[in-house]
Amino acid sequence: MATYEDIKHLATLARISVSEQDLPKLSTEFESILKYIGQLESLAVPESSDLHVPPLRNVFRDDKNPTPSGANTQKIINAFPKRNGNALSVKKIITHE
Amino acid sequence: MNELAKSSLTEISRALRARDISVRELFNTIHTYAQQKNTDIFAYLELFDADENAIAIAQKKIDDEGDNAPFLTGIPIAVKDNMLIEGKTVSAASRMLENYKAPYTATVIKKLVNDNGALILGRTNMDEFAMGSSTENSAFGITKNPHDHSRVPGGSSGGSAAAVAEGAATAALGSDTGGSIRQPASLCGVVGLKPTYGAVSRYGLIAMGSSLDQIGPLTKTVSDSRVLFRAIAGRDDMDATTIPDGLYPKRSVSRNMRIGVPYHLFENGVDKDVRALFDVTLASLKKEGHSIVPITLPTSQYALPVYYVIMPAEASTNLSRLDGMRYGFSKPADTLLDDYLQTRSEGFGKEVQRRILLGTFVLSSGYIDAYYRKALRARAVITDEYEKAYEQVDCIAVPTSPSPAFHFGEKSDPVSMYVEDLFTVTANLTGMPALSVPMGTVNRDDTPLPIGIQCTAPHQAEDILFSFGEEVEKIRIQNQMRF
């Protein structure tokens, strides 16, 4: 499976736009990668072999030493691509039309 | 090469304590040398200016504490450009984060600088978001192999490996998701360690494959590797995947090691002379009193396809946070959806986009069982096989990479590049530690190129790896092999 339509569909899911001119190359590459990982089909793994329970699990820590309120706020705000005062500015996603 | 640039961390540490050199002289020498060399090999994306305060603190530590000062005090170290240092740019060699300033400092950096008094030289080049095996995928230029400038240094920690091999850093940190420390170490002739999963904190490391990633050292010698590993290892409240000492059964290091060799995995794809050098190294290890035990790891031949399902699945998930909304590159368009599409298409390079698409595919409805879930089950079987093998051997040896450094552009087909990771991905799938040590050179176009031998051991048995590595170093000197 690596038709142009398939690639375009995956790109939509992944929020990437693929140009028409890149499609042929991408499709060929994808085909060969899928063929490679498709080796897994011939591998028989027992259904019973499932995920290992790791020796380290349910890791909790004491609720202590909280970060002082506002300690990181300015640093985070400074990284905003677009801001309105201290608010992150984004496009409207709901319209009334 | 400059004398100090050639010296190992341990030698320089000794010279600092003996007051043969000052921290300032050392830093200036290595920094100037790195600057000169960077025009040739481009190991660094950025060399930092001297931090006067840090230099003064390090010198004072040596003056006050003498031999009790940590080994790393005053040592100039290079850091892969995916670890955060507050206030410094951290780009992961991507347009997406080209101008991104780190808002906090990674635990490994804090340990090096605050606890040990090490000095950070700069941030090294890498494949974009650590995706690649040649450092050709950097958005900012290629790094050259110090042994042959027409060849790649390996990747993705290619800048760190090249810096150490060139003497442009006394040691370096890299990160390893499928071989990104060990393969460039092999191709550049340095020592690279991928520690046990969870041994080193990843707080402040830009994530790629969260069940696979580990930070580790790239150094000139095995004893340097041990020093740097011990300095960065340990539990961290900021990373819940870090493991406490003794989580896994303790393994003793025996003087005569039983070294397992899965010969059946070498049938395809290992260059003849690499194989010959590997066999010579094993024969020498045998002469030193170690035993070579042929073993089989039947499912390991599927390790690479398993890896190329799990890694893109995790990477595509991790990279979904980069959408131009909160930080990093942002390309405004007409609608919110177009903002995402434009930002991600222009911000990410081709290989990153390929892996995001691949990850999206293996996780998508209708394919997740055949690919992702199957790969997870196969991963468990591979791990079981390794654990079983360790009932009869102390460690397992393979060539680190199937061939030495290749030319730029030689592996333009993605799958041929992925095969570079053939012998390294297994340690990431099992979470077991693995070390690459130079075993000698093979010739290409009349140029001797280094190549490494890789040793894997059970979880938390890094000490076995270090003794294996020291044996290989001894043999290399006995056999008078340069690298």
# chains A, B, ... in the order shown; residues from 1 in each chain; ligands from 1
>>> residues_around(residues="Ile37 (chain A)", least_positions_apart="6", cutoff="8 Å", atoms="only C-alpha atoms", output="PDB file with C-alpha atoms, in the first residue's frame")
ATOM      1  CA  PRO B 305      12.210  -4.292  10.891  1.00  0.00           C
ATOM      2  CA  VAL B 306      10.822  -4.365  14.448  1.00  0.00           C
ATOM      3  CA  TYR B 308      11.609   0.536  12.083  1.00  0.00           C
ATOM      4  CA  VAL B 309       8.013   0.019  13.226  1.00  0.00           C
TER       5      VAL B 309
END
>>> closest_atom_pairs(of="chain A", to="chain B", cutoff="8 Å", atoms="only C-alpha atoms", output="Markdown table")
| residue | atom | partner | partner_atom | distance |
| --- | --- | --- | --- | --- |
| A:Ile7 | CA | B:Leu357 | CA | 7.9 |
| A:Leu10 | CA | B:Leu357 | CA | 6.1 |
| A:Ala11 | CA | B:Leu357 | CA | 6.4 |
| A:Leu13 | CA | B:Thr360 | CA | 7.3 |
| A:Ala14 | CA | B:Thr360 | CA | 6.4 |
| A:Arg15 | CA | B:Leu341 | CA | 5.2 |
| A:Ile16 | CA | B:Leu341 | CA | 4.9 |
| A:Ser17 | CA | B:Leu341 | CA | 5.4 |
| A:Val18 | CA | B:Ser345 | CA | 7.5 |
| A:Leu26 | CA | B:Arg354 | CA | 7.8 |
| A:Glu29 | CA | B:Pro414 | CA | 7.0 |
| A:Phe30 | CA | B:Leu358 | CA | 7.8 |
| A:Ser32 | CA | B:Val415 | CA | 7.1 |
| A:Ile33 | CA | B:Val415 | CA | 6.1 |
| A:Tyr36 | CA | B:Pro305 | CA | 6.5 |
| A:Ile37 | CA | B:Pro305 | CA | 4.4 |
| A:Gly38 | CA | B:Pro305 | CA | 7.6 |
| A:Gln39 | CA | B:Pro305 | CA | 6.9 |
| A:Leu40 | CA | B:Pro305 | CA | 6.8 |
| A:Glu41 | CA | B:Ala370 | CA | 7.5 |
| A:Leu43 | CA | B:Tyr302 | CA | 7.9 |
| A:Val45 | CA | B:Ala378 | CA | 6.3 |
| A:Ser49 | CA | B:Arg377 | CA | 6.0 |
| A:Asp50 | CA | B:Arg377 | CA | 5.2 |
| A:Leu51 | CA | B:Ala380 | CA | 6.0 |
| A:His52 | CA | B:Ala380 | CA | 6.2 |
| A:Pro55 | CA | B:Leu247 | CA | 7.2 |
| A:Leu56 | CA | B:Ile243 | CA | 7.1 |
| A:Val59 | CA | B:Ala240 | CA | 6.1 |
| A:Phe60 | CA | B:Ala240 | CA | 7.8 |
| A:Arg61 | CA | B:Asp237 | CA | 7.1 |
| A:Asn72 | CA | B:Pro103 | CA | 7.8 |
| A:Lys75 | CA | B:Pro103 | CA | 5.9 |
| A:Ile76 | CA | B:Pro103 | CA | 7.1 |
| A:Ala79 | CA | B:Tyr327 | CA | 5.0 |
| A:Phe80 | CA | B:Arg326 | CA | 5.0 |
| A:Pro81 | CA | B:Tyr327 | CA | 5.9 |
| A:Leu88 | CA | B:Arg326 | CA | 7.4 |
| A:Val90 | CA | B:Met325 | CA | 7.3 |
| A:Lys91 | CA | B:Leu336 | CA | 5.8 |
| A:Lys92 | CA | B:Leu336 | CA | 7.5 |
| A:Ile93 | CA | B:Leu336 | CA | 6.7 |
>>> select_by_dssp(residues="region 24-89 of chain A", states="helix (DSSP H, G or I)", output="list of chain:residue names")
A:Pro24, A:Lys25, A:Leu26, A:Ser27, A:Thr28, A:Glu29, A:Phe30, A:Glu31, A:Ser32, A:Ile33, A:Leu34, A:Lys35, A:Tyr36, A:Ile37, A:Gly38, A:Gln39, A:Leu40, A:Glu41, A:Ser42, A:Thr73, A:Gln74, A:Lys75, A:Ile76, A:Ile77, A:Asn78
>>> atom_distance(atom1="CA of Val113 (chain B)", atom2="CA of Val164 (chain B)")
18.7 Å
>>> select_by_dssp(residues="chain A", states="strand (DSSP E)", output="ChimeraX atom specification")
/A:83-84,87-88
>>> write_last_selection(atoms="all heavy atoms", output="PDB file, in the first residue's frame")
ATOM      1  N   ARG A  83       1.680  36.425  20.282  1.00  0.00           N
ATOM      2  CA  ARG A  83       1.047  36.630  21.583  1.00  0.00           C
ATOM      3  C   ARG A  83       0.250  37.918  21.615  1.00  0.00           C
ATOM      4  O   ARG A  83       0.448  38.821  20.809  1.00  0.00           O
ATOM      5  CB  ARG A  83       2.104  36.630  22.682  1.00  0.00           C
ATOM      6  CG  ARG A  83       3.209  37.662  22.472  1.00  0.00           C
ATOM      7  CD  ARG A  83       4.373  37.368  23.368  1.00  0.00           C
ATOM      8  NE  ARG A  83       4.192  38.091  24.620  1.00  0.00           N
ATOM      9  CZ  ARG A  83       5.204  38.399  25.432  1.00  0.00           C
ATOM     10  NH1 ARG A  83       6.423  38.028  25.143  1.00  0.00           N
ATOM     11  NH2 ARG A  83       4.980  39.079  26.542  1.00  0.00           N
ATOM     12  N   ASN A  84      -0.652  37.914  22.570  1.00  0.00           N
ATOM     13  CA  ASN A  84      -1.452  39.094  22.802  1.00  0.00           C
ATOM     14  C   ASN A  84      -1.340  39.363  24.300  1.00  0.00           C
ATOM     15  O   ASN A  84      -1.966  38.682  25.104  1.00  0.00           O
ATOM     16  CB  ASN A  84      -2.901  38.795  22.378  1.00  0.00           C
ATOM     17  CG  ASN A  84      -3.772  40.024  22.459  1.00  0.00           C
ATOM     18  OD1 ASN A  84      -3.341  41.053  22.986  1.00  0.00           O
ATOM     19  ND2 ASN A  84      -4.996  39.928  21.945  1.00  0.00           N
ATOM     20  N   ALA A  87      -1.104  36.353  26.650  1.00  0.00           N
ATOM     21  CA  ALA A  87      -1.903  35.241  26.130  1.00  0.00           C
ATOM     22  C   ALA A  87      -1.331  34.762  24.798  1.00  0.00           C
ATOM     23  O   ALA A  87      -0.807  35.551  24.007  1.00  0.00           O
ATOM     24  CB  ALA A  87      -3.341  35.691  25.942  1.00  0.00           C
ATOM     25  N   LEU A  88      -1.432  33.442  24.582  1.00  0.00           N
ATOM     26  CA  LEU A  88      -1.017  32.858  23.308  1.00  0.00           C
ATOM     27  C   LEU A  88      -2.098  33.140  22.279  1.00  0.00           C
ATOM     28  O   LEU A  88      -3.272  32.862  22.505  1.00  0.00           O
ATOM     29  CB  LEU A  88      -0.828  31.338  23.481  1.00  0.00           C
ATOM     30  CG  LEU A  88      -0.617  30.493  22.227  1.00  0.00           C
ATOM     31  CD1 LEU A  88       0.691  30.853  21.547  1.00  0.00           C
ATOM     32  CD2 LEU A  88      -0.616  29.013  22.590  1.00  0.00           C
TER      33      LEU A  88
END
>>> closest_atom_pairs(of="region 419-448 of chain B", to="region 463-479 of chain B", cutoff="7 Å", atoms="only C-alpha atoms", output="CSV")
residue,atom,partner,partner_atom,distance
B:Leu435,CA,B:Leu465,CA,6.2
B:Val437,CA,B:Gly469,CA,6.0
B:Met439,CA,B:Arg476,CA,6.3
B:Gly440,CA,B:Arg476,CA,6.7
>>> atom_distance(atom1="CA of Ser134 (chain B)", atom2="CA of Val442 (chain B)")
18.7 Å
>>> closest_residue(among="A:Asn86, A:Thr95, A:Asn58, A:Thr28", to="Thr73 (chain A)", atoms="only C-alpha atoms")
A:Asn86
